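Student: First the structure, which I've put down as structure tokens, then a few questions once you've had a look.
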Amino acid sequence: MVRHAVSWPFVGPPVVLLITFGEIGARLTPPAADVSTWSFGAAAALLTIKLLCWIASAHRSFGRHERLAAFVMLVAIAMGWYAATQWVHERQFDYIVSAQNTDLKLTAAQLSASILAFLAERGRHSPPPPRPATWNQDEAAFARYETETVEAFERQFGKRTRVAHDIFGQLGIRDKDFDVFYAHPANAFQMQVIAVKLASLAAKVPE
């Protein structure tokens, strides 16, 4: 009965099924890492039991070649299980990186669009160019307008822009103009440069 339970016709199909489940689980999006790891581990355990039962029942007749073969098969099972679990972890890691990159691309693109919309709205309320008759007052009004724009930008976008810059830097994605203006833009032109560069940098993020 025990010999039948560990015969290849009995052990083989479950091993193949478990390996298939493990591979399918690892290839899902997101990868089913727990299912895959368990499936590969169970397949390795069944193969190990099969091998140990063969060794226990036939070890008295083993010669040098049989002992070496048994050791090699045991090592192969262990290495196969290790390689399979490493592959699952790599698949999971690749998915996490890809998801983070996709989120960065979307966040940066949305931030760029929000800044451009902010500048368009501010532009509709900009004071007229200075006139000779009211030059000093007009210049003062424009200075207040720029100060308010800078303060509003900092409240709405300052922190997010600096975080995006740091993340891009960690990925090795840089732009000289963005590096100059991102921290504290002084006027609407510099803010527009930031918005344009954010969109450009987002497009460079790998999938």
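Ligands are numbered from 1 in the order shown, residues from 1 within each chain, and chains are lettered A, B, ... in the order they appear in the structure tokens.
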Determine, counting only C-alpha atoms, which protein, DNA and RNA residues have an atom within 9 Å of an atom of stretch 8-18 of chain A; residues of the same chain fewer than 4 positions away are not included. Present the result as a PyMOL selection string.

Tutor: chain A and resi 4+22-23+36+38-44+46-47+50

Student: Please identify every residue of stretch 70-117 of chain A that has at least one atom no farther than 12 Å from an atom of stretch 53-64 of chain A, counting only C-alpha atoms, and for each give the shortest atom pair and the distance in Å to one decimal, arranged by chain then increasing number, as a tab-separated table.

Tutor:
residue	atom	partner	partner_atom	distance
A:Ala70	CA	A:Ile55	CA	7.3
A:Phe71	CA	A:Ile55	CA	10.0
A:Met73	CA	A:Ile55	CA	11.1
A:Leu74	CA	A:Ile55	CA	10.7

Student: With distances taken over only C-alpha atoms, which residue among A:Pro31, A:Gly169, A:Gly123, A:Pro132 lies nearest A:Ala188?

Tutor: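 Of all the options, A:Gly123 lies closest to A:Ala188.
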
Student: Using DSSP on the backbone, list every residue of stretch 73-137 of chain A that comes out as alpha helix (DSSP H), and give them as a PyMOL selection string.

Tutor: chain A and resi 73-123+135-137

Student: Quick one: of A:Gln156, A:Thr37, A:Thr29, A:Thr48, who's nearest to A:Tyr95, counting only C-alpha atoms?

Tutor: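 Looking only at the distances to A:Tyr95, the closest residue turns out to be A:Thr29.
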
Student: Tell me which protein, DNA and RNA residues are within 12 Å of stretch 104-108 of chain A, counting only C-alpha atoms, leaving out same-chain ones fewer than 5 positions away, and put them as a VMD selection string.

Tutor: chain A and resid 97 to 99 113 to 115 157 160 to 168 171 194 to 207

Student: Using only C-alpha atoms, find the one residue out of A:Phe189, A:Phe93, A:Phe21, A:Phe181 that sits nearest to A:Glu146.

Tutor: A:Phe189
